[in-house]
Amino acid sequence: MRLAREGDARAFEALVKRYRTKIQSLALHLTGRASDADDVTQEVFLRAYRKLDQFEGRSEFYTWLYRIAVHRAIALRRGRGRRTMVDVDDPRIERALEVDASGDPQKAVLLRESYARLLAAFDRLSPTLRTTVALVALQGLGHKDAAKVLETTEGTIAWRMHEARRQLRVRMDSPKETAGVRTLPEHSTENDPLEALLGRLVALGPTLPTLG
């Protein structure tokens, strides 16, 4: 980072290679479109390069990048309005299947509907809750780092995750909320990797502090 701020182009290129995949993944979760994710990713690094002199080092470089990505992704999505439908060929589903289906076509068929239902519920969360879930549950940030990215407190992040779990639980159980999902026939999701992820999101946690 020091070398990049001093004008070393190769140093900045190294930073791009280190963080590009994570930024692109975050942008995809927040926008739901591969082309939008590519646009956000490109703009994040362009803005970062132009504003390197404004980075004071009081936070980690990646939290600074995440903050830029979050603001841009939310603005882009707001500009085109809320999505009303999640297709089973949603790029987020395809990328998840690349990992979880392990090349097994039958397993991919069984997983596809569950992912579509989860994304339909996820996309209906407010931008604040959706971004918090993306950072904590999908990007793996701890509450402390997520709070830095979103410029809030760890207690607020904990509350948001608690509320997101509640809303996801309700929406996953509501046929009305997922009626707009183009899905395959119903199937058993027992031992489904998605259900393990969903279980982590909606599991009842410890009592959370009341926020002012």
# chains A, B, ... in the order shown; residues from 1 in each chain; ligands from 1
call {"tool": "select_by_dssp", "arguments": {"residues": "region 11-105 of chain A", "states": "helix (DSSP H, G or I)", "output": "ChimeraX atom specification"}}
result
/A:11-31,34-50,52-54,61-80,91-100,105
call {"tool": "residues_around", "arguments": {"residues": "region 93-99 of chain A", "least_positions_apart": "2", "cutoff": "10 Å", "atoms": "only C-alpha atoms", "output": "list of chain:residue names"}}
result
A:Ser25, A:Gly32, A:Val86, A:Asp87, A:Val88, A:Asp89, A:Asp90, A:Pro91, A:Ala101, A:Ser102, A:Gly103, A:Asp104, A:Pro105, A:Lys107, A:Ala108, A:Val109, A:Leu111, A:Arg112, A:Glu113, A:Ser114, A:Tyr115, A:Ala116, A:Leu118, A:Leu119, A:Leu194
call {"tool": "write_last_selection", "arguments": {"atoms": "N, CA and C atoms", "output": "CSV table (one decimal), in the first residue's frame"}}
result
chain,number,residue,atom,x,y,z
A,25,SER,N,-17.2,-10.7,-6.0
A,25,SER,CA,-18.2,-11.6,-5.3
A,25,SER,C,-19.2,-10.8,-4.5
A,32,GLY,N,-26.8,-8.8,-8.1
A,32,GLY,CA,-27.5,-9.9,-8.7
A,32,GLY,C,-27.3,-10.1,-10.2
A,86,VAL,N,-36.2,-14.1,-9.3
A,86,VAL,CA,-34.9,-14.7,-9.3
A,86,VAL,C,-35.0,-15.9,-10.2
A,87,ASP,N,-34.3,-16.0,-11.3
A,87,ASP,CA,-34.3,-17.1,-12.2
A,87,ASP,C,-33.4,-18.2,-11.7
A,88,VAL,N,-33.6,-19.4,-12.1
A,88,VAL,CA,-32.8,-20.5,-11.7
A,88,VAL,C,-31.4,-20.4,-12.3
A,89,ASP,N,-31.3,-19.6,-13.4
A,89,ASP,CA,-29.9,-19.4,-14.0
A,89,ASP,C,-29.3,-18.1,-13.5
A,90,ASP,N,-29.7,-17.6,-12.4
A,90,ASP,CA,-29.1,-16.4,-11.8
A,90,ASP,C,-27.6,-16.7,-11.6
A,91,PRO,N,-26.7,-15.8,-11.9
A,91,PRO,CA,-25.3,-16.0,-11.9
A,91,PRO,C,-24.8,-16.4,-10.5
A,101,ALA,N,-22.1,-28.3,-6.1
A,101,ALA,CA,-22.6,-29.5,-6.8
A,101,ALA,C,-21.4,-30.4,-7.2
A,102,SER,N,-20.2,-29.9,-7.2
A,102,SER,CA,-19.0,-30.8,-7.5
A,102,SER,C,-19.1,-31.5,-8.8
A,103,GLY,N,-19.7,-30.8,-9.8
A,103,GLY,CA,-19.8,-31.4,-11.1
A,103,GLY,C,-20.9,-32.5,-11.3
A,104,ASP,N,-21.7,-32.7,-10.2
A,104,ASP,CA,-22.7,-33.7,-10.3
A,104,ASP,C,-24.0,-33.1,-10.8
A,105,PRO,N,-24.5,-33.5,-12.0
A,105,PRO,CA,-25.7,-32.9,-12.6
A,105,PRO,C,-26.9,-33.1,-11.7
A,107,LYS,N,-27.1,-33.6,-8.5
A,107,LYS,CA,-27.0,-32.8,-7.3
A,107,LYS,C,-27.3,-31.3,-7.6
A,108,ALA,N,-26.9,-30.9,-8.8
A,108,ALA,CA,-27.1,-29.5,-9.2
A,108,ALA,C,-28.6,-29.2,-9.4
A,109,VAL,N,-29.3,-30.2,-9.9
A,109,VAL,CA,-30.8,-30.0,-10.1
A,109,VAL,C,-31.4,-29.9,-8.7
A,111,LEU,N,-30.1,-28.8,-5.9
A,111,LEU,CA,-29.7,-27.6,-5.2
A,111,LEU,C,-30.3,-26.4,-5.8
A,112,ARG,N,-30.6,-26.4,-7.1
A,112,ARG,CA,-30.9,-25.2,-7.8
A,112,ARG,C,-32.1,-24.4,-7.2
A,113,GLU,N,-33.2,-25.2,-7.0
A,113,GLU,CA,-34.4,-24.6,-6.5
A,113,GLU,C,-34.2,-23.9,-5.1
A,114,SER,N,-33.4,-24.7,-4.2
A,114,SER,CA,-33.2,-24.2,-2.9
A,114,SER,C,-32.4,-22.9,-2.9
A,115,TYR,N,-31.4,-22.8,-3.8
A,115,TYR,CA,-30.7,-21.5,-3.9
A,115,TYR,C,-31.6,-20.4,-4.4
A,116,ALA,N,-32.5,-20.7,-5.4
A,116,ALA,CA,-33.4,-19.7,-5.9
A,116,ALA,C,-34.3,-19.2,-4.8
A,118,LEU,N,-33.7,-19.2,-1.5
A,118,LEU,CA,-32.9,-18.4,-0.6
A,118,LEU,C,-32.6,-17.0,-1.2
A,119,LEU,N,-32.2,-16.9,-2.4
A,119,LEU,CA,-31.9,-15.6,-3.1
A,119,LEU,C,-33.1,-14.7,-3.2
A,194,LEU,N,-27.0,-26.1,1.0
A,194,LEU,CA,-27.7,-24.8,1.2
A,194,LEU,C,-28.4,-24.8,2.5
call {"tool": "atom_distance", "arguments": {"atom1": "CA of Leu26 (chain A)", "atom2": "CA of Gln42 (chain A)"}}
result
12.9 Å
call {"tool": "residues_around", "arguments": {"residues": "Ala134 (chain A)", "least_positions_apart": "6", "cutoff": "9 Å", "atoms": "only C-alpha atoms", "output": "list in words"}}
result
Leu26, His29, Leu30 and Gly140 of chain A
call {"tool": "write_last_selection", "arguments": {"atoms": "N, CA and C atoms", "output": "PDB file, in the first residue's frame"}}
result
ATOM      1  N   LEU A  26     -18.673  -9.806  -3.763  1.00  0.00           N
ATOM      2  CA  LEU A  26     -19.567  -8.946  -2.986  1.00  0.00           C
ATOM      3  C   LEU A  26     -20.512  -8.184  -3.903  1.00  0.00           C
ATOM      4  N   HIS A  29     -23.295 -10.439  -5.220  1.00  0.00           N
ATOM      5  CA  HIS A  29     -24.332 -10.696  -4.236  1.00  0.00           C
ATOM      6  C   HIS A  29     -25.268  -9.508  -4.085  1.00  0.00           C
ATOM      7  N   LEU A  30     -24.716  -8.309  -4.154  1.00  0.00           N
ATOM      8  CA  LEU A  30     -25.522  -7.118  -3.906  1.00  0.00           C
ATOM      9  C   LEU A  30     -26.306  -6.640  -5.127  1.00  0.00           C
ATOM     10  N   GLY A 140     -17.645 -13.618   4.969  1.00  0.00           N
ATOM     11  CA  GLY A 140     -16.916 -14.147   6.104  1.00  0.00           C
ATOM     12  C   GLY A 140     -16.268 -13.109   7.015  1.00  0.00           C
TER      13      GLY A 140
END
call {"tool": "residues_around", "arguments": {"residues": "Lys144 (chain A)", "least_positions_apart": "6", "cutoff": "12 Å", "atoms": "only C-alpha atoms", "output": "list of chain:residue names"}}
result
A:Ser59, A:Glu60, A:Thr63, A:Thr132, A:Leu135, A:Val136, A:Leu150, A:Glu151, A:Thr152, A:Thr153, A:Glu154, A:Gly155, A:Thr156, A:Ile157, A:Ala158
call {"tool": "atom_distance", "arguments": {"atom1": "CA of Lys148 (chain A)", "atom2": "CA of Ala34 (chain A)"}}
result
26.3 Å
call {"tool": "atom_distance", "arguments": {"atom1": "CA of Asp100 (chain A)", "atom2": "CA of His71 (chain A)"}}
result
29.6 Å
call {"tool": "residues_around", "arguments": {"residues": "Arg20 (chain A)", "least_positions_apart": "2", "cutoff": "10 Å", "atoms": "only C-alpha atoms", "output": "PyMOL selection string"}}
result
chain A and resi 14-18+22-26+41-42+44-45+65
call {"tool": "closest_residue", "arguments": {"among": "A:Arg67, A:Arg72, A:Arg5, A:Arg169", "to": "Tyr49 (chain A)", "atoms": "only C-alpha atoms"}}
result
A:Arg5
call {"tool": "closest_residue", "arguments": {"among": "A:Trp64, A:Tyr19, A:Phe55, A:Phe12", "to": "Ala147 (chain A)", "atoms": "only C-alpha atoms"}}
result
A:Trp64
